[in-house]
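Engineer: Can you keep this structure in mind? I'll have questions shortly.
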Amino acid sequence: MSNKNDGQPVIDKVWNLFSSITFAIVVFSLISLTSIVGTVIEQRVEPEKNIKLLTKFVGESFAPTAYRVLDSLGFMNMYQSWWFIALLLIFAANIVICSLDRLPKIWNMIKEPIKPVPQDVLNAMPIKREILLKTGIDKAKEAVEAELKKIGYKASVSQEPDGIQLYAEKGRYSRLGVYATHLSILLILIGAVVGIFFGFNGFLNLLEGTSSDVAYIGREKEIPLGFQIKCDDFDVQFYGKTDRPKEFSSWLTIIDNGREVVKKQIEVNAPLKYKGITFYQSSYGFWANENALFKFSLVSSDGKREDVMLKFGESFTMPGTNITGKISDFSPALKMDASGKPYTYAEMMHNPAVYITFSENGEFKYRTWILSRYPQSWRIPDGVVEFKDFWGSQYTGLQVRRDPGVWIVYLGSIIMTVGLYASFFMSHARIWVMLKDDKKNTKVSVSASINKNRVSLEEKIEKVIRSLSH
Amino acid sequence: MESSQFFGISSVAYILAMVAYISYLVFKNSTVGIVASTITYVAFVSQTMAFLLRWREFHDLSQMGWIRSIPLTNLYESLVFFVWCLILAYLIIELKYKNRSFGAFITPIAGMALAFIDISGMAKDIQPLVPALQSNWLLVHVIMSFIAYANFSIAFATGIMYLALTSENRTSGIYIFWTVILGIFLAILLAMGIDFLTFKVAVKTPDAFIKSHLFKATFRSDSGFMVMLSYIGAAAFMFILWRFGYIFKKIIASFNVSPDLLDDLTYKNIAIGFPIFTLGGLVFGAIWADQAWGRYWSWDPKETWSLILWFVYAFYLHARLLRGWRGPKIAAVAVIGFFCMIFTYLGVNLLLSGLHAYGSG
Ligand code: HEM
């Protein structure tokens with residue numbers, strides 16, 4: 001090895017290094033081992049957390065020093081550190097060079113279809129079987145052709161000086177599978193890089209009824225969207241009576257150049273995409289404010305119905321009566337304690353409730369809590385107050401992303417799948433059958449080779465031989 | 001009957017099958033072998049029933065479509081599904097190779113998973129899905145990952161058998177390697193059993209279990225004496241395995257399992273598991289994350305460990321195919337791969353999150 005490499009230009013040495021599988025194994029190991037460190041040390045968190053963590057490994061007195069050393073080596077944000085990125089690049093170079101190094105040989109093999117070969121080559125094949133058929137050579141040829149067809153091979157025929165040769169192959173292109181797999185890894189890395197350099201990943205909290213033409217990265221950085229996005233409504237559904245959200249969704253409108261161009265309801269797992277920017281439903285929250293509107297459907301005892309929208313402190317009249325109701329209290333998440341006293345248990349709209357004071361002709365009649373999630377609480381002595389919504393008090397948390405590289409990543413994934421399938425579940429098999437006249441009988445010699453999964457081909461050839469001998 | 005009853009039957013039956021397969025390995029009585037297989041079939045059918053019933057129960061409860069309500073949503077359900085895949089793959093091998101000796105190596109993995117469920121007291125009830133988990137991508141992702149995990153587990157079993165069968169004497173590195181690995185595996189199982197007998201409590205979450213109970217009766221006991229005793233015990237246990245491991249080798253040899261067959265099975269399982277894991281584990285996982293969170297890769301510990309696992313098996317394939325690694329060296333890689341797999345699957349959720357959560361809240 002060392003002798004051969006002496007005196008080679010540096011570039012050749014580098015090429016040889018990068019095309020060697022030993023080097024690949026070293027790179028595999030390095031990426032894996034450093035990644036492990038990155039999963040133990042929490043990434044991108046306050047220093048205190050990791051100092052605490054390190055205390056468990058090296059003790060109180062050494063933890064700060066250990067932290068400083070690891071921090072200066074980039075381990076606190078290691079997947080973005082220069083040396084980790086460099087390792088990934090070396091890995092990519094490794095794959096490219098190693099594939100280029102071997103591709104010409106494989107390519108020649110793929111370009112050249114199977115050909116008849118002389119006897120000495122046939123003798124050297126890894127799989128060989130022979131059988132004597134008691135028929136003439138032409139009959140034998142037909143029989144062999146038919147049998148090969150049964151196992152999926154379409155044979156070509158060639159007249160050789162010493163007999164007839166049938167030959168067939170399958171899966172020639174599967175040899176490219178490995179290269180597709182390797183190329184796909186490269187594509188995925190390229191896609192990731194494109195995403196990092198030409199995309200962004202931000203967020204946007206939109207209160208119901210408001211709109212925005214920017215998204216945010218961190219606290220300060222604003223990213224202009226180039227259009228306006230408006231949250232028309234937001235809604236959460238819960239499992240039964242629990243506070244476990246079953247689904248939450250936002251109704252969004254895109255306004256481009258003053259025109260409403262898209263209206264869509266998004267959910268977790270069902271984002272909205274417009275002009276390369278995708279909005280994902282990621283969270284939500286409650287924000288009490290005086291502009292929010294209570295939406296009620298009022299039904300009086302004699303069945304008259306009316307929809308109203310009110311602000312906090314305002315009053316409504318039950319349709320067709322003199323009974324008025326005034327919103328005198330609100331809780332986003334109401335619960336009763338053991339003694340039946342109501343209290344608010346969360347700053348989220350888990351169980352929105354309004355406290356309404358009813359009067360008749362200006363005289364106090366009764367007051368009651370009406371809960372949006374519990375229709376039985378809507379019933380009052382003088383009809384029904386359906387609590388529909390408290391609109392304008394919830395915000396939807398959107399993840400906003402542009403990633404022009406994502407399709408490259410997906411393309412890479414598809415190629416990888418096809419490539420892996422070809423490299424593990426397909427093989428390149430070649431079969432040659434030599435037919436020779438032997439005193440009115442025919443000597444049939446089958447030779448074959450395959451680049452992997454030899455047993456399967458042997459079994460198939462065994463089947464051919466068995467059928468021929470009957 | 002309810003799913004939990006069928007599941008109870010299958011748990012007990014798998015433990016019995018484990019005992020039967022090991023007895024079969026030791027006594028080589030073919031009746032015992034048939035009994036072992038029969039128990040395994042019963043257990044498998046019963047577990048399949050349990051799975052289907054739970055599917056229906058989940059469907060009725062969650063009010064979602066049939067596909068969305070496949071019960072594969074928490075650690076408990078996934079462990080059970082893992083066992084199911086493993087046994088299915090094993091039964092296929094048993095039928096195809098007409099050899100029952102592998103059973104003694106596969107069923108303990110199943111037994112360990114089921115025992116872990118019980119002693120960790122992880123929540124078994126049906127929990128409705130949070131919105132992020134309501135995705136068909138997630139579903140194929142989980143199913144395919146577990147099929148691959150089952151393949152990798154079998155590669156581990158055949159790898160250990162290979163090492164046991166081919167190691168020459170007690171001072172050779174291979175011999176020490178496999179006895180120590182098997183020793184660690186069994187010592188952990190034993191220690192979890194002792195925890196179970198000592199505490200017999202069900203805790204709410206795996207995290208809480210790790211913090212308060214795992215190895216608390218032994219390696220992490222409050223009494224320094226117990227801790228010392230545990231380590232000495234574990235060392236003694238490994239010594240015994242090391243001292244008498246050759247018996248094990250003789251037993252395997254007496255079943256006419258050739259090293260070549262074991263090597264081939266290890267390779268085949270990895271060659272099947274690797275593409276399935278790549279597509280199901282990495283690609284579908286990324287697509288799901290992309291849909292749900294707007295990010296296909298974020299270097300969180302679970303993703304990172306999946307990638308490490310992927311590299312380990314890529315290492316296996318390349319070392320074997322291109323460097324011509326054969327024999328013990330390559331079998332050892334398969335064994336190490338299995339430990340990475342267990343860590344990816346359980347360690348990340350239990351140990352890393354436990355480590356990160358300690359003292360912070
Ligand atoms: C994690 C990344 C990689 C993956 C997933 C991968 C995948 C594969 C697969 C599936 C095979 C076929 C194996 C078989 O048929 O058993 C293969 C073969 C091969 N790989 Fe990789 N590979 C990776 C990285 C690399 C690197 C970095 C090199 C560079 C040295 C490399 C060099 C090769 C070569 C030379 C072959 C054999 C090609 C042939 O048969 O002609 N691979 N790879």
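Residue numbering restarts at 1 in every chain; chains get A, B, ... in the order shown in the structure tokens, and ligands count up from 1 in that same order.
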Residues of chain A near chain B: apply a cut-off of 9 Å, count only C-alpha atoms, and supply the list as a tab-separated table (two decimals) with C-alpha atoms, in the first residue's frame.

Structural biologist:
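Writing the result to selection-v3.tsv gives the following:
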chain	number	residue	atom	x	y	z
A	21	ILE	CA	-14.05	1.97	2.54
A	22	THR	CA	-11.80	1.95	5.59
A	24	ALA	CA	-15.72	5.51	5.28
A	25	ILE	CA	-15.88	3.27	8.31
A	28	PHE	CA	-19.24	6.49	10.14
A	29	SER	CA	-17.78	5.91	13.57
A	31	ILE	CA	-20.26	10.84	13.20
A	32	SER	CA	-21.95	8.26	15.39
A	33	LEU	CA	-19.75	8.81	18.43
A	35	SER	CA	-23.69	12.43	17.80
A	36	ILE	CA	-24.03	10.37	20.95
A	38	GLY	CA	-24.91	15.56	21.37
A	39	THR	CA	-27.84	13.50	22.62
A	40	VAL	CA	-26.55	13.42	26.17
A	41	ILE	CA	-25.71	17.10	26.37
A	42	GLU	CA	-28.89	19.03	25.82
A	43	GLN	CA	-28.57	21.22	22.78
A	49	LYS	CA	-29.01	22.91	32.70
A	50	ASN	CA	-25.91	21.34	31.23
A	52	LYS	CA	-26.19	20.44	36.36
A	53	LEU	CA	-26.01	17.51	33.99
A	79	TYR	CA	-25.06	19.81	15.09
A	201	ASN	CA	-38.09	28.77	10.03
A	239	TYR	CA	-61.88	14.39	24.17
A	244	ARG	CA	-56.95	16.65	26.26
A	245	PRO	CA	-57.26	18.37	22.91
A	246	LYS	CA	-58.56	16.08	20.20
A	247	GLU	CA	-58.05	18.48	17.36
A	248	PHE	CA	-57.41	22.16	17.00
A	267	GLU	CA	-55.06	21.51	11.52
A	268	VAL	CA	-52.12	19.82	13.09
A	269	ASN	CA	-50.82	17.55	10.30
A	270	ALA	CA	-52.68	19.56	7.64
A	271	PRO	CA	-50.84	22.81	6.87
A	278	THR	CA	-46.05	26.89	4.69
A	279	PHE	CA	-48.13	27.59	7.81
A	280	TYR	CA	-48.35	24.77	10.31
A	281	GLN	CA	-50.79	24.65	13.17
A	282	SER	CA	-48.52	24.24	16.16
A	399	GLN	CA	-45.03	27.63	12.60
A	400	VAL	CA	-44.02	29.47	9.43
A	401	ARG	CA	-41.49	27.94	7.13
A	406	VAL	CA	-37.44	20.10	0.85
A	410	TYR	CA	-37.94	14.06	-0.80
A	413	SER	CA	-35.70	9.77	-0.22
A	414	ILE	CA	-37.56	8.27	-3.16
A	416	MET	CA	-32.94	5.96	-1.80
A	417	THR	CA	-35.94	3.69	-1.46
A	420	LEU	CA	-32.16	0.09	-1.52
A	421	TYR	CA	-34.81	-2.10	-3.04
A	424	PHE	CA	-31.11	-5.82	-1.50
A	425	PHE	CA	-34.00	-7.47	-3.24

Engineer: Could you pull out the helix (DSSP H, G or I) residues of stretch 123-280 of chain B from DSSP and send them as JSON, numbers by chain?

Structural biologist: {"B": [131, 132, 133, 136, 137, 138, 139, 140, 141, 142, 143, 144, 145, 146, 147, 148, 149, 150, 151, 152, 153, 154, 155, 156, 157, 158, 159, 160, 161, 162, 163, 164, 165, 166, 173, 174, 175, 176, 177, 178, 179, 180, 181, 182, 183, 184, 185, 186, 187, 188, 189, 190, 191, 192, 193, 194, 195, 196, 197, 198, 199, 206, 207, 208, 209, 210, 211, 212, 224, 225, 226, 227, 228, 229, 230, 231, 232, 233, 234, 235, 236, 237, 238, 239, 240, 241, 242, 243, 244, 245, 246, 247, 248, 249, 250, 251, 252, 253, 259, 260, 261, 262, 263, 264, 265, 266, 267, 268, 269, 270, 271, 272, 273, 274, 275, 276, 277, 278, 279, 280]}

Engineer: Could you dump the residues just selected with C-alpha atoms as a short mmCIF file (atom, residue, chain, number, x, y, z; two decimals), in the first residue's frame?

Structural biologist:
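Ended up saving to out-v4.cif:
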data_model
loop_
_atom_site.label_atom_id
_atom_site.label_comp_id
_atom_site.auth_asym_id
_atom_site.auth_seq_id
_atom_site.Cartn_x
_atom_site.Cartn_y
_atom_site.Cartn_z
CA PRO B 131 -53.44 15.90 17.49
CA ALA B 132 -49.81 15.59 16.40
CA LEU B 133 -50.05 11.82 16.53
CA ASN B 136 -51.14 8.06 8.67
CA TRP B 137 -47.46 8.70 8.10
CA LEU B 138 -46.81 8.15 11.75
CA LEU B 139 -48.63 4.88 11.53
CA VAL B 140 -46.58 3.38 8.71
CA HIS B 141 -43.53 4.85 10.37
CA VAL B 142 -44.20 2.99 13.60
CA ILE B 143 -45.21 -0.28 11.98
CA MET B 144 -42.20 -0.42 9.69
CA SER B 145 -39.79 0.58 12.44
CA PHE B 146 -40.98 -2.31 14.53
CA ILE B 147 -40.69 -4.80 11.72
CA ALA B 148 -37.10 -3.66 11.30
CA TYR B 149 -36.51 -3.86 15.06
CA ALA B 150 -37.73 -7.44 15.01
CA ASN B 151 -35.27 -8.24 12.22
CA PHE B 152 -32.42 -6.62 14.12
CA SER B 153 -33.34 -8.56 17.25
CA ILE B 154 -33.21 -11.83 15.40
CA ALA B 155 -29.87 -10.83 13.92
CA PHE B 156 -28.72 -10.29 17.50
CA ALA B 157 -29.86 -13.73 18.59
CA THR B 158 -28.23 -15.49 15.66
CA GLY B 159 -25.15 -13.31 16.10
CA ILE B 160 -24.75 -14.34 19.75
CA MET B 161 -25.28 -17.98 18.78
CA TYR B 162 -22.66 -17.62 16.10
CA LEU B 163 -20.17 -16.18 18.55
CA ALA B 164 -20.89 -18.89 21.10
CA LEU B 165 -20.52 -21.58 18.49
CA THR B 166 -17.27 -20.39 16.98
CA GLY B 173 -11.60 -12.21 22.95
CA ILE B 174 -14.72 -13.52 21.24
CA TYR B 175 -15.51 -15.87 24.06
CA ILE B 176 -15.16 -13.10 26.61
CA PHE B 177 -17.23 -10.77 24.45
CA TRP B 178 -20.24 -12.99 24.10
CA THR B 179 -20.25 -14.24 27.67
CA VAL B 180 -20.03 -10.70 28.99
CA ILE B 181 -22.76 -9.42 26.65
CA LEU B 182 -25.05 -12.28 27.51
CA GLY B 183 -24.15 -11.76 31.16
CA ILE B 184 -25.12 -8.09 31.04
CA PHE B 185 -28.36 -8.94 29.27
CA LEU B 186 -29.33 -11.58 31.82
CA ALA B 187 -28.11 -9.51 34.80
CA ILE B 188 -30.36 -6.63 33.76
CA LEU B 189 -33.28 -9.02 33.42
CA LEU B 190 -32.53 -10.46 36.85
CA ALA B 191 -32.16 -7.04 38.47
CA MET B 192 -35.49 -5.95 37.02
CA GLY B 193 -37.03 -9.11 38.42
CA ILE B 194 -35.67 -8.27 41.87
CA ASP B 195 -37.06 -4.74 41.59
CA PHE B 196 -40.40 -6.22 40.80
CA LEU B 197 -40.36 -8.58 43.75
CA THR B 198 -39.18 -5.85 46.10
CA PHE B 199 -41.50 -3.02 45.15
CA PRO B 206 -41.92 5.26 32.87
CA ASP B 207 -39.97 8.36 33.88
CA ALA B 208 -41.15 8.09 37.43
CA PHE B 209 -40.34 4.42 37.39
CA ILE B 210 -36.78 5.01 36.25
CA LYS B 211 -36.28 7.68 38.86
CA SER B 212 -37.73 5.85 41.79
CA GLY B 224 -24.09 1.01 50.04
CA PHE B 225 -23.84 -2.58 51.10
CA MET B 226 -26.61 -3.64 48.73
CA VAL B 227 -24.96 -1.77 45.89
CA MET B 228 -21.67 -3.50 46.52
CA LEU B 229 -23.38 -6.84 46.84
CA SER B 230 -25.19 -6.29 43.54
CA TYR B 231 -22.04 -5.52 41.64
CA ILE B 232 -20.26 -8.47 43.20
CA GLY B 233 -23.26 -10.63 42.39
CA ALA B 234 -23.30 -9.44 38.79
CA ALA B 235 -19.57 -10.05 38.48
CA ALA B 236 -19.92 -13.52 39.94
CA PHE B 237 -22.79 -14.21 37.58
CA MET B 238 -20.67 -13.20 34.63
CA PHE B 239 -17.81 -15.25 35.91
CA ILE B 240 -20.02 -18.32 36.06
CA LEU B 241 -21.24 -17.67 32.54
CA TRP B 242 -17.67 -17.27 31.41
CA ARG B 243 -16.54 -20.39 33.26
CA PHE B 244 -19.32 -22.62 31.96
CA GLY B 245 -20.16 -20.95 28.70
CA TYR B 246 -18.72 -23.83 26.72
CA ILE B 247 -21.66 -25.98 27.83
CA PHE B 248 -23.84 -23.53 26.05
CA LYS B 249 -21.68 -23.89 22.99
CA LYS B 250 -21.96 -27.67 23.10
CA ILE B 251 -25.71 -27.46 23.34
CA ILE B 252 -25.97 -25.24 20.27
CA ALA B 253 -23.52 -27.45 18.39
CA PRO B 259 -22.04 -21.32 11.78
CA ASP B 260 -22.66 -20.59 8.12
CA LEU B 261 -26.40 -20.81 8.57
CA LEU B 262 -26.22 -18.47 11.56
CA ASP B 263 -24.05 -16.03 9.67
CA ASP B 264 -26.42 -16.15 6.73
CA LEU B 265 -29.46 -15.59 8.94
CA THR B 266 -27.78 -12.63 10.62
CA TYR B 267 -26.98 -11.09 7.27
CA LYS B 268 -30.41 -11.77 5.81
CA ASN B 269 -32.21 -10.22 8.74
CA ILE B 270 -30.08 -7.12 8.56
CA ALA B 271 -30.43 -6.96 4.78
CA ILE B 272 -34.22 -7.02 5.20
CA GLY B 273 -34.30 -4.80 8.25
CA PHE B 274 -32.02 -2.10 6.87
CA PRO B 275 -34.12 -0.96 3.90
CA ILE B 276 -37.31 -1.24 5.93
CA PHE B 277 -35.77 0.85 8.66
CA THR B 278 -34.45 3.39 6.18
CA LEU B 279 -37.81 3.89 4.54
CA GLY B 280 -40.10 3.40 7.51
#

Engineer: Considering only C-alpha atoms and all ligand atoms, tabulate each residue of chain A that lies at most 7 Å from ligand 1 along with its nearest interatomic pair and the corresponding distance in Å to one decimal; arrange the rows by chain and ascending residue number and present them as a Markdown table.

Structural biologist:
| residue | atom | partner | partner_atom_place_in_ligand_line | distance |
| --- | --- | --- | --- | --- |
| A:Phe18 | CA | ligand 1 | 30 (C) | 6.8 |
| A:Ser19 | CA | ligand 1 | 30 (C) | 5.1 |
| A:Ser20 | CA | ligand 1 | 30 (C) | 5.0 |
| A:Ile21 | CA | ligand 1 | 30 (C) | 4.0 |
| A:Phe23 | CA | ligand 1 | 30 (C) | 6.8 |
| A:Ala24 | CA | ligand 1 | 27 (C) | 4.7 |
| A:Phe91 | CA | ligand 1 | 27 (C) | 5.8 |
| A:Asn94 | CA | ligand 1 | 27 (C) | 5.0 |
| A:Ile95 | CA | ligand 1 | 27 (C) | 4.2 |
| A:Cys98 | CA | ligand 1 | 29 (C) | 4.7 |
| A:Ser99 | CA | ligand 1 | 35 (C) | 6.3 |
| A:Arg102 | CA | ligand 1 | 41 (O) | 6.6 |
| A:Ile106 | CA | ligand 1 | 41 (O) | 7.0 |
| A:Val178 | CA | ligand 1 | 11 (C) | 4.9 |
| A:Thr181 | CA | ligand 1 | 7 (C) | 5.7 |
| A:His182 | CA | ligand 1 | 22 (N) | 5.6 |
| A:Ile185 | CA | ligand 1 | 2 (C) | 6.8 |
| A:Leu420 | CA | ligand 1 | 10 (C) | 5.4 |
| A:Ser423 | CA | ligand 1 | 15 (O) | 5.0 |
| A:Phe424 | CA | ligand 1 | 15 (O) | 5.6 |

Engineer: Could you write out the selected residues, including all heavy atoms, as a compact mmCIF listing (two decimals), in the first residue's frame?

Structural biologist:
# COMPACT_ATOMS: atom_id res chain seq x y z
N PHE A 18 -10.24 9.06 -0.01
CA PHE A 18 -11.69 9.25 0.02
C PHE A 18 -12.46 8.14 -0.67
O PHE A 18 -13.66 8.02 -0.50
CB PHE A 18 -12.05 10.60 -0.61
CG PHE A 18 -12.00 11.74 0.36
CD1 PHE A 18 -10.79 12.23 0.81
CD2 PHE A 18 -13.16 12.29 0.86
CE1 PHE A 18 -10.74 13.27 1.71
CE2 PHE A 18 -13.13 13.32 1.78
CZ PHE A 18 -11.90 13.81 2.21
N SER A 19 -11.78 7.34 -1.47
CA SER A 19 -12.52 6.25 -2.11
C SER A 19 -12.37 4.96 -1.32
O SER A 19 -12.88 3.94 -1.73
CB SER A 19 -12.04 6.05 -3.54
OG SER A 19 -10.70 5.66 -3.55
N SER A 20 -11.67 5.04 -0.20
CA SER A 20 -11.47 3.78 0.52
C SER A 20 -12.60 3.56 1.52
O SER A 20 -13.11 4.49 2.15
CB SER A 20 -10.13 3.79 1.24
OG SER A 20 -10.27 4.29 2.54
N ILE A 21 -12.95 2.31 1.65
CA ILE A 21 -14.05 1.97 2.54
C ILE A 21 -13.60 2.05 3.99
O ILE A 21 -14.39 2.32 4.89
CB ILE A 21 -14.62 0.58 2.17
CG1 ILE A 21 -15.93 0.33 2.90
CG2 ILE A 21 -13.66 -0.50 2.43
CD1 ILE A 21 -17.08 1.09 2.33
N PHE A 23 -11.72 4.32 5.24
CA PHE A 23 -11.94 5.71 5.62
C PHE A 23 -13.42 5.95 5.91
O PHE A 23 -13.77 6.62 6.89
CB PHE A 23 -11.44 6.61 4.48
CG PHE A 23 -11.52 8.08 4.78
CD1 PHE A 23 -10.74 8.63 5.78
CD2 PHE A 23 -12.37 8.90 4.06
CE1 PHE A 23 -10.81 9.97 6.06
CE2 PHE A 23 -12.44 10.25 4.33
CZ PHE A 23 -11.65 10.79 5.34
N ALA A 24 -14.28 5.35 5.06
CA ALA A 24 -15.72 5.51 5.28
C ALA A 24 -16.11 4.99 6.65
O ALA A 24 -16.91 5.60 7.36
CB ALA A 24 -16.50 4.78 4.19
N PHE A 91 -18.12 13.16 4.75
CA PHE A 91 -18.95 11.99 4.49
C PHE A 91 -19.53 12.05 3.07
O PHE A 91 -19.47 11.07 2.31
CB PHE A 91 -20.05 11.96 5.55
CG PHE A 91 -21.11 10.93 5.34
CD1 PHE A 91 -20.79 9.59 5.26
CD2 PHE A 91 -22.44 11.31 5.26
CE1 PHE A 91 -21.78 8.64 5.09
CE2 PHE A 91 -23.44 10.37 5.08
CZ PHE A 91 -23.10 9.04 5.00
N ASN A 94 -16.82 11.54 0.56
CA ASN A 94 -16.48 10.13 0.61
C ASN A 94 -17.40 9.32 -0.30
O ASN A 94 -16.96 8.52 -1.14
CB ASN A 94 -16.63 9.69 2.07
CG ASN A 94 -15.97 8.36 2.36
OD1 ASN A 94 -16.15 7.80 3.42
ND2 ASN A 94 -15.18 7.85 1.44
N ILE A 95 -18.68 9.56 -0.16
CA ILE A 95 -19.66 8.81 -0.96
C ILE A 95 -19.49 9.11 -2.45
O ILE A 95 -19.49 8.20 -3.28
CB ILE A 95 -21.09 9.16 -0.51
CG1 ILE A 95 -21.35 8.56 0.85
CG2 ILE A 95 -22.10 8.66 -1.51
CD1 ILE A 95 -22.73 8.83 1.36
N CYS A 98 -16.08 7.72 -3.79
CA CYS A 98 -16.06 6.27 -3.79
C CYS A 98 -16.97 5.72 -4.88
O CYS A 98 -16.66 4.72 -5.51
CB CYS A 98 -16.42 5.82 -2.39
SG CYS A 98 -17.28 4.36 -2.26
N SER A 99 -18.08 6.39 -5.13
CA SER A 99 -18.97 5.93 -6.20
C SER A 99 -18.37 6.20 -7.57
O SER A 99 -18.40 5.34 -8.45
CB SER A 99 -20.33 6.62 -6.10
OG SER A 99 -20.91 6.35 -4.86
N ARG A 102 -15.79 3.71 -8.68
CA ARG A 102 -16.19 2.38 -9.13
C ARG A 102 -17.20 2.39 -10.26
O ARG A 102 -17.46 1.37 -10.88
CB ARG A 102 -16.81 1.62 -7.95
CG ARG A 102 -15.76 1.13 -7.01
CD ARG A 102 -16.36 0.87 -5.65
NE ARG A 102 -15.47 1.41 -4.62
CZ ARG A 102 -14.75 0.66 -3.84
NH1 ARG A 102 -14.81 -0.63 -3.91
NH2 ARG A 102 -13.94 1.21 -2.95
N ILE A 106 -18.67 -0.60 -13.39
CA ILE A 106 -20.04 -1.09 -13.35
C ILE A 106 -20.79 -0.62 -14.60
O ILE A 106 -21.56 -1.37 -15.19
CB ILE A 106 -20.76 -0.54 -12.10
CG1 ILE A 106 -20.08 -1.06 -10.84
CG2 ILE A 106 -22.23 -0.89 -12.10
CD1 ILE A 106 -20.33 -2.50 -10.55
N VAL A 178 -26.96 0.39 -5.85
CA VAL A 178 -26.04 0.91 -4.85
C VAL A 178 -25.71 2.37 -5.13
O VAL A 178 -25.68 3.20 -4.22
CB VAL A 178 -24.75 0.07 -4.87
CG1 VAL A 178 -23.71 0.70 -3.97
CG2 VAL A 178 -25.03 -1.34 -4.46
N THR A 181 -28.52 4.61 -4.26
CA THR A 181 -28.57 4.82 -2.81
C THR A 181 -27.56 5.88 -2.39
O THR A 181 -27.87 6.80 -1.64
CB THR A 181 -28.26 3.50 -2.08
OG1 THR A 181 -29.10 2.49 -2.60
CG2 THR A 181 -28.48 3.65 -0.59
N HIS A 182 -26.34 5.75 -2.88
CA HIS A 182 -25.30 6.71 -2.48
C HIS A 182 -25.62 8.12 -2.97
O HIS A 182 -25.50 9.09 -2.23
CB HIS A 182 -23.95 6.26 -3.03
CG HIS A 182 -23.45 5.03 -2.35
ND1 HIS A 182 -22.52 4.19 -2.91
CD2 HIS A 182 -23.74 4.49 -1.15
CE1 HIS A 182 -22.28 3.19 -2.09
NE2 HIS A 182 -23.00 3.34 -1.01
N ILE A 185 -28.16 9.95 -0.83
CA ILE A 185 -27.65 10.54 0.41
C ILE A 185 -27.11 11.93 0.12
O ILE A 185 -27.36 12.89 0.84
CB ILE A 185 -26.56 9.65 1.02
CG1 ILE A 185 -27.18 8.33 1.47
CG2 ILE A 185 -25.88 10.34 2.20
CD1 ILE A 185 -26.18 7.31 1.91
N LEU A 420 -32.30 1.15 -2.52
CA LEU A 420 -32.16 0.09 -1.52
C LEU A 420 -32.89 -1.16 -1.96
O LEU A 420 -32.42 -2.27 -1.78
CB LEU A 420 -32.70 0.56 -0.17
CG LEU A 420 -31.80 1.52 0.61
CD1 LEU A 420 -32.51 2.02 1.86
CD2 LEU A 420 -30.51 0.83 1.01
N SER A 423 -30.76 -2.80 -4.45
CA SER A 423 -29.53 -3.44 -3.97
C SER A 423 -29.79 -4.62 -3.05
O SER A 423 -28.94 -5.48 -2.95
CB SER A 423 -28.56 -2.45 -3.34
OG SER A 423 -29.18 -1.37 -2.76
N PHE A 424 -30.92 -4.67 -2.39
CA PHE A 424 -31.11 -5.82 -1.50
C PHE A 424 -32.05 -6.88 -2.04
O PHE A 424 -31.95 -8.03 -1.68
CB PHE A 424 -31.62 -5.36 -0.14
CG PHE A 424 -30.57 -4.69 0.68
CD1 PHE A 424 -30.60 -3.34 0.92
CD2 PHE A 424 -29.51 -5.44 1.18
CE1 PHE A 424 -29.62 -2.72 1.67
CE2 PHE A 424 -28.51 -4.83 1.92
CZ PHE A 424 -28.56 -3.47 2.16

Engineer: Figure out the distance between atom CA of A:Ser297 and atom CA of A:Arg379, please, to one decimal in Å.

Structural biologist: 11.8 Å

Engineer: Can you tell me how far atom CA of B:Val32 sits from atom CA of B:Lys96, in Å to one decimal?

Structural biologist: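 For atom CA of B:Val32 relative to atom CA of B:Lys96, the distance reads 19.6 Å.
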
Engineer: Could you pull the residues within 8 Å of B:Ser46, counting only C-alpha atoms, minus those fewer than 4 positions along the same chain, as a list of chain:residue names?

Structural biologist: B:Phe6, B:Phe7, B:Ile9, B:Ser10, B:Val42, B:Ala50

Engineer: Env of A:Glu169: 10 Å cut, atoms = only C-alpha atoms, seq-sep filter 3 positions within chain, self excluded. Answer as a PyMOL selection string.

Structural biologist: chain A and resi 113-115+152-156+172+428-432+448-450

Engineer: Using DSSP on the backbone coordinates, identify the residues of stretch 373-438 of chain A assigned to strand (DSSP E or B); present them as a ChimeraX atom specification.

Structural biologist: /A:379-380,383-391,394-402,429-438

Engineer: Using only C-alpha atoms, which of B:Met112, B:Leu75, B:Ile92, B:Val80 sits nearest B:Gly8?

Structural biologist: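 Counting only C-alpha atoms, the residue closest to B:Gly8 is B:Val80.
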
Engineer: Name all residues at most 7 Å from A:Pro352 (count only C-alpha atoms; drop same-chain ones fewer than 2 positions away) and give them as a PyMOL selection string.

Structural biologist: chain A and resi 331-334+349-350+371-372

Engineer: Leaving out A:Gln228 and any residue of its chain fewer than 2 positions from it, which residues lie within 12 Å of it when counting only C-alpha atoms, given as a ChimeraX atom specification?

Structural biologist: /A:206,210-215,224-226,230-231,252-262,274-275,277

Engineer: Using only C-alpha atoms, which protein or nucleic acid residues come within 10 Å of A:Gly209? Drop anything in the same chain fewer than 5 positions from it, and give the result as a PyMOL selection string.

Structural biologist: chain A and resi 230-234+252+292+391-395
